[in-house]
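Peer 1: The following block contains the structure, expressed as structure tokens.
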Amino acid sequence: MSQFLHLKDKFGNDMWFGNTGEVRLAARPNVQDYSKQLQRIRDIKLRHDDVIVVGYPKSGNNWNHQMIRMLLDGTTDLPALNVNSDSFFFLDAFGEECNLLPSEKPRAFMSHLPFRFLPRDVTEKKIKVVYLTRNPKDVTVSLWCHVSNLTVPPGYGGTWPQFFEVMLEHGFWYGDVFDHMKDWEKEINARPGHPIFHSNFEETKKNTVDQVEKLDKFLGTGRGRELCEAIVMTCQLGNMHMTRRHEFTGGKDPWCHKDGISNNAFYRKGMVGDWKNWFTVAQNERFDDVYTTKMAGSKRTFAFE
């Protein structure tokens, strides 16, 4: 596993990451050489009308990505969520054996990377970016529920209280969630002319159709409110649980879910305020202290319930 960076947290739990030397990616077994991964991503060739959907893990990434793909395609048919070589859309794990989505029409790609690691064409061609945020308490819980369902690597074998400490001290995949958000805030402020749409998870949950209409306008797809309403109905979490599942070449699951865990586990509750079912009073107070310190100077605000 030389392509992986092996660390131990202060509790002695193993943690494995894609070893790029600059950012801690998820340790995906189907990426053979992480030392070249960031350059491979930077060199990806994009169309002018492609779209990048990006945010820290568990910020509503798959949900928003699917709604955006429907807007681009003008349909309510759920596209297959797969990692087969003929329709690869997750940039961070793009490898030499993968082919990007066909370029005959606009494409939506997904990423969790900081802006500086996105494909060079994003800046040179002013590719539209949909940047996602979610309150970091729910992000922490949702990421824990995801990584605890995976074998190690790439998941995490410690307890919830231990993962909570790991997230507050230095983060997990893609590093510290607070640093990630502040870095993106800085990059957006430095690029007033770049077409970047900021989509907040809590606001989208509260007014989903209105938010999809705003995306429709930002993307220039001109689908209208009726299709936006139909897309929102199709992408309700219950429907996504029933119809969205990974399809892997040869039936192999590169995410290494534990026995008995469905490989469509990318969707869980999708609710605002689930952190209250997990955080103790002491954890909440500690989180608030860290949040206040690390997000000092940020203009980001979140609805935590």
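Labels used: A, B, ... for chains in the order of the structure tokens, numbers from 1 for residues in each chain, and numbers from 1 for ligands as shown.
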List every residue of range 162-255 of chain A that has an atom at most 12 Å from any atom of range 125-129 of chain A, and for each one report the closest atom pair and its distance in Å to one decimal, counting only C-alpha atoms, with rows sorted by chain and then by increasing residue number, as a tab-separated table.
Peer 2:
```
residue	atom	partner	partner_atom	distance
A:Trp184	CA	A:Val129	CA	11.6
A:Ile188	CA	A:Val129	CA	10.2
A:Arg191	CA	A:Lys126	CA	10.3
A:Pro192	CA	A:Lys126	CA	11.4
A:Gly193	CA	A:Lys126	CA	8.7
A:His194	CA	A:Lys126	CA	6.0
A:Pro195	CA	A:Lys128	CA	5.1
A:Ile196	CA	A:Val129	CA	4.7
A:Phe197	CA	A:Val129	CA	6.3
A:His198	CA	A:Val129	CA	8.5
A:Ser199	CA	A:Val129	CA	10.4
A:Leu215	CA	A:Val129	CA	10.8
A:Phe218	CA	A:Lys128	CA	8.6
A:Leu219	CA	A:Lys128	CA	7.6
A:Gly220	CA	A:Lys128	CA	10.5
```
Peer 1: Which polymer residues have any atom within 9 Å of an atom of Asp77 in chain A, counting only C-alpha atoms, with same-chain residues fewer than 6 positions away left out, as a list in words?
Peer 2: Met70, Ile231 and Thr234 of chain A
Peer 1: Nearest to Ala26 in chain A: which of A:Trp160, A:Tyr56, A:Tyr174, A:Phe117 is it, counting only C-alpha atoms?
Peer 2: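 Among A:Trp160, A:Tyr56, A:Tyr174, A:Phe117, it is A:Tyr174 that comes nearest to Ala26 in chain A.
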Peer 1: What's the separation between CA of Asp179 in chain A and CA of Lys294 in chain A, in Å to one decimal place?
Peer 2: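 Interatomic distance, CA of Asp179 in chain A to CA of Lys294 in chain A: 7.6 Å.
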Peer 1: Do a neighbour search on range 34-40 of chain A at 9 Å with only C-alpha atoms, toss out local chain neighbours closer than 3 positions, and write the hits as a CSV table (one decimal) with N, CA and C atoms, in the first residue's frame.
Peer 2:
```csv
chain,number,residue,atom,x,y,z
A,3,GLN,N,1.1,3.5,-2.1
A,3,GLN,CA,0.4,4.7,-2.6
A,3,GLN,C,-0.4,5.4,-1.5
A,4,PHE,N,-0.5,4.7,-0.3
A,4,PHE,CA,-1.3,5.3,0.8
A,4,PHE,C,-0.4,5.9,1.8
A,18,GLY,N,-4.9,8.9,0.6
A,18,GLY,CA,-4.2,8.9,-0.7
A,18,GLY,C,-3.0,9.8,-0.6
A,19,ASN,N,-1.8,9.3,-0.8
A,19,ASN,CA,-0.6,10.0,-0.5
A,19,ASN,C,-0.1,10.9,-1.6
A,20,THR,N,-0.7,12.1,-1.7
A,20,THR,CA,-0.3,13.1,-2.7
A,20,THR,C,0.8,14.0,-2.3
A,21,GLY,N,1.0,14.1,-1.0
A,21,GLY,CA,2.0,15.0,-0.5
A,21,GLY,C,1.5,16.4,-0.2
A,22,GLU,N,0.3,16.7,-0.7
A,22,GLU,CA,-0.2,18.1,-0.5
A,22,GLU,C,-1.6,18.1,0.1
A,23,VAL,N,-2.4,17.1,-0.2
A,23,VAL,CA,-3.8,17.1,0.4
A,23,VAL,C,-4.1,15.6,0.6
A,25,LEU,N,-6.3,12.8,0.3
A,25,LEU,CA,-7.4,12.2,-0.4
A,25,LEU,C,-7.9,10.9,0.3
A,31,VAL,N,-7.0,3.7,-7.3
A,31,VAL,CA,-6.0,4.6,-7.7
A,31,VAL,C,-4.7,4.1,-7.4
A,43,ASP,N,-4.4,18.4,-15.2
A,43,ASP,CA,-4.2,18.3,-16.7
A,43,ASP,C,-5.5,17.9,-17.4
A,44,ILE,N,-6.6,17.6,-16.7
A,44,ILE,CA,-7.8,17.2,-17.3
A,44,ILE,C,-8.3,18.3,-18.2
A,92,ASP,N,-11.5,13.6,-8.3
A,92,ASP,CA,-10.5,13.4,-7.4
A,92,ASP,C,-9.9,12.0,-7.5
A,93,ALA,N,-10.6,11.1,-8.0
A,93,ALA,CA,-10.2,9.7,-8.2
A,93,ALA,C,-10.0,9.3,-9.7
A,94,PHE,N,-9.9,10.3,-10.5
A,94,PHE,CA,-9.7,10.1,-11.9
A,94,PHE,C,-8.3,9.5,-12.2
A,95,GLY,N,-8.3,8.4,-12.9
A,95,GLY,CA,-7.0,7.7,-13.1
A,95,GLY,C,-6.8,7.4,-14.6
A,96,GLU,N,-5.7,6.9,-14.9
A,96,GLU,CA,-5.3,6.6,-16.3
A,96,GLU,C,-6.3,5.6,-16.9
A,117,PHE,N,-6.3,23.0,-6.6
A,117,PHE,CA,-6.0,21.7,-7.2
A,117,PHE,C,-7.0,21.3,-8.3
A,118,LEU,N,-8.0,22.1,-8.6
A,118,LEU,CA,-8.9,21.8,-9.7
A,118,LEU,C,-8.2,21.9,-11.0
A,119,PRO,N,-8.8,21.3,-12.1
A,119,PRO,CA,-8.1,21.3,-13.4
A,119,PRO,C,-7.8,22.7,-13.8
```
Peer 1: For Arg134 in chain A, which of A:Val177, A:Ala230, A:Ala282, A:Val122 is the closest residue, counting only C-alpha atoms?
Peer 2: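 Closest to Arg134 in chain A of all the choices is A:Val177.
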Peer 1: Within 12 Å of Lys8 in chain A, counting only C-alpha atoms, which residues qualify if same-chain residues fewer than 5 places away don't, as a ChimeraX atom specification?
Peer 2: /A:13-17,156-158,162-163,166,172
Peer 1: Export C-alpha atoms of the chosen residues as a compact mmCIF listing (two decimals), in the first residue's frame?
Peer 2:
```
# COMPACT_ATOMS: atom_id res chain seq x y z
CA ASN A 13 -6.40 4.05 15.34
CA ASP A 14 -5.07 3.49 11.83
CA MET A 15 -5.86 6.15 9.23
CA TRP A 16 -5.10 5.75 5.55
CA PHE A 17 -5.07 8.50 2.94
CA TYR A 156 -11.93 4.65 10.23
CA GLY A 157 -12.02 2.00 12.93
CA GLY A 158 -12.24 4.18 16.02
CA GLN A 162 -12.47 9.53 18.92
CA PHE A 163 -13.46 10.59 15.42
CA VAL A 166 -9.76 13.79 15.09
CA PHE A 172 -10.00 13.58 8.05
```
Peer 1: Pull the helix (DSSP H, G or I) assignments for range 172-230 of chain A out of DSSP run on the backbone, and list those residues as a compact mmCIF listing (two decimals) with N, CA, C and O atoms, in the first residue's frame.
Peer 2:
```
# COMPACT_ATOMS: atom_id res chain seq x y z
N VAL A 177 -11.90 20.72 8.16
CA VAL A 177 -13.09 21.25 7.51
C VAL A 177 -13.12 22.77 7.58
O VAL A 177 -13.57 23.45 6.64
N PHE A 178 -12.64 23.34 8.67
CA PHE A 178 -12.64 24.80 8.82
C PHE A 178 -11.64 25.44 7.86
O PHE A 178 -11.94 26.45 7.20
N ASP A 179 -10.44 24.86 7.76
CA ASP A 179 -9.44 25.36 6.82
C ASP A 179 -9.96 25.27 5.39
O ASP A 179 -9.73 26.17 4.56
N HIS A 180 -10.64 24.16 5.08
CA HIS A 180 -11.18 23.94 3.74
C HIS A 180 -12.18 25.05 3.38
O HIS A 180 -12.11 25.65 2.30
N MET A 181 -13.09 25.35 4.30
CA MET A 181 -14.11 26.38 4.05
C MET A 181 -13.48 27.76 3.94
O MET A 181 -13.85 28.56 3.06
N LYS A 182 -12.53 28.06 4.81
CA LYS A 182 -11.90 29.38 4.77
C LYS A 182 -11.05 29.54 3.51
O LYS A 182 -10.98 30.64 2.93
N ASP A 183 -10.41 28.47 3.08
CA ASP A 183 -9.62 28.52 1.85
C ASP A 183 -10.51 28.82 0.65
O ASP A 183 -10.18 29.65 -0.20
N TRP A 184 -11.66 28.15 0.58
CA TRP A 184 -12.58 28.40 -0.52
C TRP A 184 -13.16 29.81 -0.45
O TRP A 184 -13.32 30.49 -1.47
N GLU A 185 -13.46 30.27 0.75
CA GLU A 185 -13.97 31.64 0.91
C GLU A 185 -12.94 32.65 0.38
O GLU A 185 -13.29 33.61 -0.32
N LYS A 186 -11.68 32.43 0.71
CA LYS A 186 -10.61 33.31 0.25
C LYS A 186 -10.48 33.28 -1.27
O LYS A 186 -10.35 34.34 -1.92
N GLU A 187 -10.54 32.08 -1.85
CA GLU A 187 -10.40 31.94 -3.31
C GLU A 187 -11.57 32.61 -4.03
O GLU A 187 -11.38 33.25 -5.08
N ILE A 188 -12.78 32.45 -3.52
CA ILE A 188 -13.95 33.07 -4.14
C ILE A 188 -13.83 34.59 -4.10
O ILE A 188 -14.09 35.28 -5.09
N ASN A 189 -13.43 35.11 -2.95
CA ASN A 189 -13.27 36.57 -2.82
C ASN A 189 -12.21 37.12 -3.75
O ASN A 189 -12.29 38.27 -4.20
N PHE A 201 -26.33 24.03 2.09
CA PHE A 201 -27.18 22.85 2.28
C PHE A 201 -28.47 23.19 3.02
O PHE A 201 -29.56 22.77 2.62
N GLU A 202 -28.34 23.93 4.11
CA GLU A 202 -29.52 24.23 4.92
C GLU A 202 -30.53 25.07 4.16
O GLU A 202 -31.76 24.84 4.25
N GLU A 203 -30.05 26.04 3.38
CA GLU A 203 -30.96 26.86 2.58
C GLU A 203 -31.60 26.04 1.48
O GLU A 203 -32.79 26.21 1.16
N THR A 204 -30.83 25.13 0.89
CA THR A 204 -31.38 24.27 -0.16
C THR A 204 -32.45 23.34 0.40
O THR A 204 -33.48 23.10 -0.25
N LYS A 205 -32.23 22.81 1.59
CA LYS A 205 -33.25 21.96 2.22
C LYS A 205 -34.52 22.75 2.50
O LYS A 205 -35.63 22.23 2.37
N LYS A 206 -34.37 24.00 2.90
CA LYS A 206 -35.52 24.83 3.27
C LYS A 206 -36.33 25.27 2.06
O LYS A 206 -37.57 25.28 2.10
N THR A 208 -35.94 24.15 -1.59
CA THR A 208 -35.23 23.37 -2.61
C THR A 208 -35.58 23.81 -4.02
O THR A 208 -34.69 24.00 -4.87
N VAL A 209 -36.86 23.99 -4.30
CA VAL A 209 -37.26 24.37 -5.66
C VAL A 209 -36.68 25.74 -6.02
O VAL A 209 -36.16 25.94 -7.13
N ASP A 210 -36.77 26.68 -5.10
CA ASP A 210 -36.21 28.01 -5.36
C ASP A 210 -34.71 27.92 -5.64
O ASP A 210 -34.19 28.62 -6.53
N GLN A 211 -34.03 27.07 -4.89
CA GLN A 211 -32.58 26.95 -5.08
C GLN A 211 -32.26 26.31 -6.43
O GLN A 211 -31.31 26.71 -7.11
N VAL A 212 -33.03 25.31 -6.83
CA VAL A 212 -32.81 24.67 -8.13
C VAL A 212 -33.11 25.66 -9.25
O VAL A 212 -32.43 25.68 -10.28
N GLU A 213 -34.11 26.52 -9.06
CA GLU A 213 -34.38 27.57 -10.05
C GLU A 213 -33.19 28.53 -10.18
O GLU A 213 -32.85 28.98 -11.28
N LYS A 214 -32.57 28.86 -9.06
CA LYS A 214 -31.39 29.72 -9.10
C LYS A 214 -30.25 29.03 -9.85
O LYS A 214 -29.51 29.66 -10.62
N LEU A 215 -30.09 27.72 -9.62
CA LEU A 215 -29.09 26.95 -10.35
C LEU A 215 -29.41 26.93 -11.84
O LEU A 215 -28.50 27.06 -12.68
N ASP A 216 -30.67 26.79 -12.17
CA ASP A 216 -31.11 26.79 -13.56
C ASP A 216 -30.70 28.10 -14.24
O ASP A 216 -30.18 28.11 -15.37
N LYS A 217 -30.87 29.20 -13.55
CA LYS A 217 -30.48 30.51 -14.09
C LYS A 217 -28.97 30.63 -14.19
O LYS A 217 -28.43 31.10 -15.20
N PHE A 218 -28.24 30.19 -13.14
CA PHE A 218 -26.78 30.27 -13.14
C PHE A 218 -26.18 29.45 -14.27
O PHE A 218 -25.25 29.89 -14.95
N LEU A 219 -26.71 28.25 -14.48
CA LEU A 219 -26.19 27.36 -15.51
C LEU A 219 -26.62 27.77 -16.91
O LEU A 219 -26.03 27.32 -17.90
N GLY A 224 -36.97 26.10 -16.51
CA GLY A 224 -38.25 26.58 -15.99
C GLY A 224 -38.65 25.89 -14.70
O GLY A 224 -38.14 24.83 -14.34
N ARG A 225 -39.61 26.51 -14.01
CA ARG A 225 -39.99 26.05 -12.68
C ARG A 225 -40.62 24.66 -12.70
O ARG A 225 -40.40 23.87 -11.79
N GLU A 226 -41.40 24.34 -13.72
CA GLU A 226 -42.08 23.04 -13.73
C GLU A 226 -41.08 21.89 -13.69
O GLU A 226 -41.23 20.94 -12.91
N LEU A 227 -40.04 21.96 -14.51
CA LEU A 227 -39.03 20.89 -14.49
C LEU A 227 -38.23 20.95 -13.20
O LEU A 227 -37.88 19.89 -12.65
N CYS A 228 -37.96 22.14 -12.69
CA CYS A 228 -37.25 22.25 -11.41
C CYS A 228 -38.02 21.55 -10.30
O CYS A 228 -37.44 20.84 -9.48
N GLU A 229 -39.34 21.73 -10.28
CA GLU A 229 -40.17 21.06 -9.28
C GLU A 229 -40.11 19.55 -9.46
O GLU A 229 -40.03 18.79 -8.48
N ALA A 230 -40.13 19.08 -10.70
CA ALA A 230 -40.08 17.64 -10.97
C ALA A 230 -38.73 17.06 -10.56
O ALA A 230 -38.66 15.94 -10.02
```
Peer 1: Among the residues of range 52-259 of chain A, find those DSSP assigns to strand (DSSP E or B) from the backbone and print them as a PyMOL selection string.
Peer 2: chain A and resi 52-55+81-82+88+90+100+108-111+128-133+150+172+174-175+196-200+246-247+257
Peer 1: Those same residues - C-alpha atoms - I'd like them written as an mmCIF file, in the first residue's frame.
Peer 2:
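Here's the written file part01.cif:
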```cif
data_model
loop_
_atom_site.group_PDB
_atom_site.id
_atom_site.type_symbol
_atom_site.label_atom_id
_atom_site.label_comp_id
_atom_site.auth_asym_id
_atom_site.auth_seq_id
_atom_site.Cartn_x
_atom_site.Cartn_y
_atom_site.Cartn_z
ATOM 1 C CA ILE A 52 -17.694 21.558 -11.383
ATOM 2 C CA VAL A 53 -19.687 20.716 -8.229
ATOM 3 C CA VAL A 54 -17.385 20.949 -5.229
ATOM 4 C CA GLY A 55 -17.519 21.029 -1.443
ATOM 5 C CA LEU A 81 -24.075 6.729 -10.181
ATOM 6 C CA ASN A 82 -21.167 4.600 -11.243
ATOM 7 C CA PHE A 88 -16.359 8.817 -14.841
ATOM 8 C CA PHE A 90 -15.505 12.140 -9.764
ATOM 9 C CA LEU A 100 -14.436 11.151 -18.491
ATOM 10 C CA ALA A 108 -21.144 18.001 -14.365
ATOM 11 C CA PHE A 109 -18.065 16.799 -12.512
ATOM 12 C CA MET A 110 -17.750 16.426 -8.765
ATOM 13 C CA SER A 111 -14.817 17.164 -6.456
ATOM 14 C CA LYS A 128 -18.759 27.382 -13.885
ATOM 15 C CA VAL A 129 -18.328 26.161 -10.310
ATOM 16 C CA VAL A 130 -21.096 25.278 -7.847
ATOM 17 C CA TYR A 131 -19.545 25.500 -4.395
ATOM 18 C CA LEU A 132 -21.366 23.707 -1.566
ATOM 19 C CA THR A 133 -21.305 24.373 2.162
ATOM 20 C CA LEU A 150 -16.018 1.231 5.462
ATOM 21 C CA PHE A 172 -10.004 13.576 8.047
ATOM 22 C CA TYR A 174 -9.277 16.646 2.646
ATOM 23 C CA GLY A 175 -7.950 17.908 5.947
ATOM 24 C CA ILE A 196 -19.073 30.615 -8.887
ATOM 25 C CA PHE A 197 -22.465 29.804 -7.356
ATOM 26 C CA HIS A 198 -22.471 29.280 -3.581
ATOM 27 C CA SER A 199 -25.115 26.775 -2.516
ATOM 28 C CA ASN A 200 -25.739 26.215 1.186
ATOM 29 C CA HIS A 246 -23.214 2.295 -7.375
ATOM 30 C CA GLU A 247 -22.472 0.095 -10.344
ATOM 31 C CA HIS A 257 -17.982 -1.307 2.463
#
```
Peer 1: How far is it from CA of Thr140 in chain A to CA of Glu285 in chain A, in Å with one decimal?
Peer 2: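 CA of Glu285 in chain A lies at a distance of 14.8 Å from CA of Thr140 in chain A.
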Peer 1: Taking only C-alpha atoms into account, name the residue in A:Pro57, A:Gly273, A:Gly12, A:Pro29 that is nearest to Thr151 in chain A.
Peer 2: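 Of the candidates, the smallest distance to Thr151 in chain A is held by A:Pro29.
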Peer 1: Which residues come within 10 Å of Asn284 in chain A, counting only C-alpha atoms, excluding same-chain residues fewer than 6 positions away, as a list in words?
Peer 2: Lys137, Trp275, Lys276, Trp278 and Val290 of chain A
Peer 1: In Å, how far is it from CA of Thr75 in chain A to CA of Arg223 in chain A?
Peer 2: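 Those two atoms sit 9.4 Å apart.
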